file model_37.pdb (PDB, C-alpha atoms)
ATOM      1  CA  MET V  29      28.485 -25.503  63.463
ATOM      2  CA  PRO V  30      28.873 -29.184  64.121
ATOM      3  CA  TYR V  31      28.470 -31.268  60.982
ATOM      4  CA  ASN V  32      28.461 -34.933  61.985
ATOM      5  CA  ALA V  33      27.193 -34.752  65.582
ATOM      6  CA  ALA V  34      23.891 -36.380  66.478
ATOM      7  CA  GLY V  35      21.039 -34.111  65.450
ATOM      8  CA  ALA V  36      23.342 -31.544  63.806
ATOM      9  CA  ALA V  37      21.326 -28.992  61.816
ATOM     10  CA  LEU V  38      24.047 -28.679  59.152
ATOM     11  CA  LEU V  39      24.040 -32.424  58.433
ATOM     12  CA  ARG V  40      20.246 -32.500  58.390
ATOM     13  CA  ARG V  41      20.029 -29.618  55.917
ATOM     14  CA  ILE V  42      22.625 -31.149  53.610
ATOM     15  CA  GLN V  43      20.769 -34.490  53.700
ATOM     16  CA  GLU V  44      17.403 -32.814  53.065
ATOM     17  CA  ALA V  45      18.892 -31.040  50.042
ATOM     18  CA  GLY V  46      20.146 -34.404  48.748
ATOM     19  CA  TYR V  47      23.824 -33.459  48.723
ATOM     20  CA  ARG V  48      25.315 -35.819  51.342
ATOM     21  CA  ASP V  49      27.477 -38.639  50.044
ATOM     22  CA  GLU V  50      30.803 -40.296  50.866
ATOM     23  CA  GLY V  51      32.685 -37.276  49.464
ATOM     24  CA  THR V  52      31.155 -34.640  51.715
ATOM     25  CA  GLY V  53      34.248 -34.549  53.955
ATOM     26  CA  SER V  54      36.441 -34.022  50.889
ATOM     27  CA  THR V  55      34.155 -31.207  49.804
ATOM     28  CA  PHE V  56      34.627 -29.441  53.134
ATOM     29  CA  ALA V  57      38.409 -29.917  52.815
ATOM     30  CA  ALA V  58      38.335 -28.391  49.307
ATOM     31  CA  LEU V  59      36.276 -25.444  50.537
ATOM     32  CA  GLU V  60      38.744 -24.937  53.366
ATOM     33  CA  ARG V  61      41.737 -24.979  50.951
ATOM     34  CA  ARG V  62      40.001 -22.214  49.000
ATOM     35  CA  GLY V  63      39.490 -20.140  52.170
ATOM     36  CA  LEU V  64      35.694 -20.400  52.077
ATOM     37  CA  VAL V  65      35.229 -22.334  55.344
ATOM     38  CA  LEU V  66      37.233 -23.240  58.419
ATOM     39  CA  CYS V  67      37.157 -26.867  59.582
ATOM     40  CA  LYS V  68      38.036 -28.072  63.051
ATOM     41  CA  TYR V  69      37.833 -31.597  64.448
ATOM     42  CA  GLU V  70      37.127 -32.264  68.119
ATOM     43  CA  PRO V  71      36.877 -35.626  69.870
ATOM     44  CA  GLY V  72      33.343 -36.991  70.097
ATOM     45  CA  SER V  73      31.908 -38.966  72.999
ATOM     46  CA  LEU V  74      31.832 -42.196  70.959
ATOM     47  CA  GLY V  75      35.411 -41.917  69.746
ATOM     48  CA  GLU V  76      34.561 -40.516  66.315
ATOM     49  CA  PRO V  77      35.798 -36.957  65.744
ATOM     50  CA  ILE V  78      33.154 -34.283  65.280
ATOM     51  CA  LEU V  79      33.688 -31.874  62.403
ATOM     52  CA  PHE V  80      32.891 -28.213  63.120
ATOM     53  CA  VAL V  81      32.499 -25.978  60.058
ATOM     54  CA  GLN V  82      32.549 -22.171  60.047
ATOM     55  CA  ILE V  83      32.010 -20.062  56.935
ATOM     56  CA  THR V  84      34.618 -17.341  56.372
ATOM     57  CA  ARG V  85      34.113 -13.760  55.232
ATOM     58  CA  GLU V  86      35.199 -14.858  51.746
ATOM     59  CA  GLY V  87      32.689 -17.728  51.861
ATOM     60  CA  ARG V  88      29.835 -15.391  52.825
ATOM     61  CA  LYS V  89      30.847 -13.018  50.033
ATOM     62  CA  LEU V  90      30.805 -15.853  47.484
ATOM     63  CA  VAL V  91      27.357 -17.006  48.632
ATOM     64  CA  ARG V  92      25.984 -13.452  48.449
ATOM     65  CA  GLU V  93      27.382 -13.017  44.921
ATOM     66  CA  ALA V  94      26.038 -16.395  43.759
ATOM     67  CA  LEU V  95      22.561 -15.669  45.134
ATOM     68  CA  GLY V  96      22.509 -11.991  44.196
ATOM     69  CA  LEU V  97      22.187 -10.856  47.818
ATOM     70  CA  LYS V  98      23.490  -7.632  49.314
ATOM     71  CA  ALA V  99      25.662  -7.586  52.412
ATOM     72  CA  THR V 100      23.950  -6.508  55.618
ATOM     73  CA  LYS V 101      24.830  -2.920  56.390
ATOM     74  CA  ALA V 102      26.483  -2.193  59.689
ATOM     75  CA  LEU V 103      24.133  -0.507  62.120
ATOM     76  CA  PRO V 104      25.155   2.356  64.370
ATOM     77  CA  VAL V 105      26.801   1.189  67.599
ATOM     78  CA  GLY V 106      24.213   0.091  70.138
ATOM     79  CA  THR V 107      21.408  -0.446  67.615
ATOM     80  CA  LEU V 108      19.513  -3.689  68.026
ATOM     81  CA  ARG V 109      19.050  -6.076  65.110
ATOM     82  CA  GLU V 110      15.498  -7.103  64.261
ATOM     83  CA  TRP V 111      15.651 -10.337  66.282
ATOM     84  CA  HIS V 112      17.004  -8.455  69.308
ATOM     85  CA  TRP V 113      14.199  -5.891  69.032
ATOM     86  CA  ARG V 114      11.622  -8.678  68.675
ATOM     87  CA  ALA V 115      12.970 -10.331  71.857
ATOM     88  CA  LEU V 116      12.937  -7.015  73.744
ATOM     89  CA  CYS V 117       9.315  -6.527  72.648
ATOM     90  CA  ARG V 118       8.489  -9.954  74.081
ATOM     91  CA  ALA V 119      10.266  -9.081  77.335
ATOM     92  CA  TYR V 120       8.380  -5.771  77.486
ATOM     93  CA  VAL V 121       5.020  -7.479  76.961
ATOM     94  CA  ARG V 122       5.746 -10.299  79.412
ATOM     95  CA  GLY V 123       7.076  -7.981  82.118
ATOM     96  CA  GLU V 124       7.724  -9.889  85.335
ATOM     97  CA  GLN V 125       6.513 -13.162  83.759
ATOM     98  CA  GLY V 126       9.916 -13.400  82.162
ATOM     99  CA  LEU V 127      11.423 -14.036  78.769
ATOM    100  CA  PRO V 128      11.587 -17.607  77.487
ATOM    101  CA  TYR V 129      14.481 -18.413  75.179
ATOM    102  CA  ASP V 130      15.365 -21.234  72.789
ATOM    103  CA  SER V 131      11.690 -21.769  72.032
ATOM    104  CA  ASP V 132       8.720 -20.342  70.175
ATOM    105  CA  THR V 133       5.952 -20.037  72.716
ATOM    106  CA  GLY V 134       3.332 -19.177  70.097
ATOM    107  CA  ASP V 135       2.940 -15.615  71.377
ATOM    108  CA  GLY V 136       3.680 -14.062  67.979
ATOM    109  CA  PHE V 137       7.295 -13.110  68.652
ATOM    110  CA  GLY V 138       8.900 -16.299  67.326
ATOM    111  CA  TYR V 139      12.068 -18.067  68.418
ATOM    112  CA  VAL V 140      14.422 -16.293  70.831
ATOM    113  CA  SER V 141      17.892 -17.779  71.096
ATOM    114  CA  TRP V 142      20.142 -17.764  74.134
ATOM    115  CA  ASN V 143      22.627 -15.602  72.181
ATOM    116  CA  THR V 144      19.910 -12.999  71.666
ATOM    117  CA  CYS V 145      19.153 -13.063  75.397
ATOM    118  CA  LEU V 146      22.860 -12.573  76.096
ATOM    119  CA  ARG V 147      22.951  -9.551  73.759
ATOM    120  CA  LEU V 148      20.079  -7.969  75.684
ATOM    121  CA  ARG V 149      21.470  -8.963  79.088
ATOM    122  CA  ASP V 150      24.994  -7.720  78.260
ATOM    123  CA  TYR V 151      23.901  -4.502  76.516
ATOM    124  CA  THR V 152      26.380  -1.645  76.953
ATOM    125  CA  ILE V 153      26.377   2.055  76.146
ATOM    126  CA  LYS V 154      29.762   3.741  75.773
ATOM    127  CA  GLY V 155      31.399   0.932  77.713
ATOM    128  CA  GLN V 156      28.903   1.101  80.580
ATOM    129  CA  GLU V 157      26.807  -1.996  81.273
ATOM    130  CA  ARG V 158      23.111  -1.208  80.862
ATOM    131  CA  PRO V 159      21.259  -4.549  80.740
ATOM    132  CA  LEU V 160      17.915  -4.564  78.959
ATOM    133  CA  ILE V 161      16.948  -7.850  80.620
ATOM    134  CA  ARG V 162      18.184  -9.486  83.814
ATOM    135  CA  GLU V 163      18.094 -12.806  85.538
ATOM    136  CA  GLY V 164      15.311 -12.977  88.085
ATOM    137  CA  ARG V 165      13.007 -15.266  90.048
ATOM    138  CA  HIS V 166       9.527 -16.078  88.809
ATOM    139  CA  ASN V 167       7.354 -19.061  87.889
ATOM    140  CA  GLU V 168       9.163 -19.837  84.637
ATOM    141  CA  PRO V 169      12.469 -21.780  84.638
ATOM    142  CA  PHE V 170      14.217 -19.254  82.373
ATOM    143  CA  GLY V 171      14.802 -16.421  84.823
ATOM    144  CA  LEU V 172      15.090 -13.473  82.413
ATOM    145  CA  VAL V 173      12.922 -10.382  82.873
ATOM    146  CA  ILE V 174      13.016  -6.858  81.485
ATOM    147  CA  THR V 175      14.950  -4.316  83.555
ATOM    148  CA  ASP V 176      13.820  -0.799  84.427
ATOM    149  CA  PHE V 177      16.392   0.445  81.919
ATOM    150  CA  GLY V 178      14.967  -2.008  79.357
ATOM    151  CA  ARG V 179      11.490  -0.487  79.822
ATOM    152  CA  GLU V 180      12.955   3.004  79.496
ATOM    153  CA  TYR V 181      14.929   1.982  76.386
ATOM    154  CA  TYR V 182      11.769   0.448  74.864
ATOM    155  CA  ARG V 183       9.730   3.627  75.487
ATOM    156  CA  GLU V 184      12.440   5.983  74.215
ATOM    157  CA  ASN V 185      13.308   3.965  71.092
ATOM    158  CA  TRP V 186       9.921   2.471  70.168
ATOM    159  CA  GLN V 187       9.206   4.888  67.293
ATOM    160  CA  ARG V 188      12.670   4.461  65.742
ATOM    161  CA  TYR V 189      12.511   0.652  65.848
ATOM    162  CA  LYS V 190       8.873   0.652  64.694
ATOM    163  CA  GLU V 191      10.088   2.431  61.532
ATOM    164  CA  MET V 192      13.186   0.210  61.174
ATOM    165  CA  TYR V 193      11.333  -3.078  61.704
ATOM    166  CA  PRO V 194       7.650  -2.468  60.820
ATOM    167  CA  GLU V 195       6.906  -6.205  60.630
ATOM    168  CA  VAL V 196       7.681  -6.667  64.335
ATOM    169  CA  ASP V 197       4.529  -6.468  66.442
ATOM    170  CA  ALA V 198       5.786  -3.891  68.926
ATOM    171  CA  PRO V 199       2.977  -2.616  71.133
ATOM    172  CA  GLN V 200       2.977   1.087  71.791
ATOM    173  CA  PRO V 201       4.655   1.697  75.142
ATOM    174  CA  GLU V 202       2.681   2.773  78.137
ATOM    175  CA  GLU V 203       3.393   6.290  79.305
ATOM    176  CA  GLN V 204       5.708   6.446  82.277
ATOM    177  CA  THR V 205       3.866   7.644  85.339
ATOM    178  CA  THR V 206       5.523  10.109  87.625
ATOM    179  CA  GLU V 207       4.681  10.534  91.257
ATOM    180  CA  SER V 208       4.001  14.034  92.456
ATOM    181  CA  GLY V 209       4.841  14.819  96.053
TER     182      GLY V 209
END
call {"tool": "encode", "arguments": {"input": "model_37.pdb", "output": "structure tokens"}}
result
Amino acid sequence: MPYNAAGAALLRRIQEAGYRDEGTGSTFAALERRGLVLCKYEPGSLGEPILFVQITREGRKLVREALGLKATKALPVGTLREWHWRALCRAYVRGEQGLPYDSDTGDGFGYVSWNTCLRLRDYTIKGQERPLIREGRHNEPFGLVITDFGREYYRENWQRYKEMYPEVDAPQPEEQTTESG
């Protein structure tokens, strides 16, 4: 995450917590020497370098221990995290209207990031690409709509995810209609 770039969330959070002072850069350097973060400087547009900070596995472990948190368990391959499921629910509900990202549209599903959209768009099963959403044309500028496979995935996995993530408002899927000849 960028630290000292204009509008950087990390800088804002540190300031809001009252921890920013002239020694903040030294603090990041000390954390890096201890293997808790990685620091990288890149040139900024105004000549000042921008500090990017990334927490390491050891840093996450230390934070979890200090706060008494448990590590997130690995899910079976292909299983969606809660925020991915929430975004797929939004895509299912919106249908051809499309899936907005990087915003909370007030529809009850919350914020959907571009990375979450990429996870759904680039979904694979056993190495085979099976997108749950796709880029498409519609009235919205975002261009992401649920795929036929995404609808099928939603219907087939709704009960499992409803049990995994009961707080997500996932409407019961419509039954698939079949045409008889």
call {"tool": "residues_near_point", "arguments": {"input": "model_37.pdb", "point": "(34.3, -28.8, 59.4)", "cutoff": "6 Å", "atoms": "only C-alpha atoms", "output": "list in words"}}
result
Cys67, Lys68, Leu79, Phe80 and Val81 of chain V
call {"tool": "axis_aligned_box", "arguments": {"input": "model_37.pdb", "around": "stretch 31-39 of chain V", "padding_each_side": "8 Å", "output": "JSON"}}
result
{"center_x": 24.8, "center_y": -32.5, "center_z": 62.5, "size_x": 23.4, "size_y": 23.7, "size_z": 24.0}
call {"tool": "closest_residue", "arguments": {"input": "model_37.pdb", "among": "V:Glu163, V:Leu148, V:Val140, V:Thr107", "to": "V:Asn185", "atoms": "all atoms listed in the file"}}
result
V:Thr107
call {"tool": "resolve_selection", "arguments": {"input": "model_37.pdb", "expression": "the PyMOL selection byres ((chain V and resi 183) around 12)", "output": "VMD selection string"}}
result
chain V and resid 116 to 117 120 176 to 182 184 to 190 198 to 204
call {"tool": "atom_distance", "arguments": {"input": "model_37.pdb", "atom1": "atom CA of V:Ala33", "atom2": "atom CA of V:Ile78"}}
result
6.0 Å
call {"tool": "resolve_selection", "arguments": {"input": "model_37.pdb", "expression": "the PyMOL selection byres ((chain V and resi 37-53) around 12)", "output": "PyMOL selection string"}}
result
chain V and resi 29-36+54-60+67-69+78-83
call {"tool": "residues_around", "arguments": {"input": "model_37.pdb", "residues": "V:Ile153", "least_positions_apart": "3", "cutoff": "10 Å", "atoms": "all atoms listed in the file", "output": "list in words"}}
result
Val105, Gly106, Gln156, Glu157, Arg158 and Pro159 of chain V
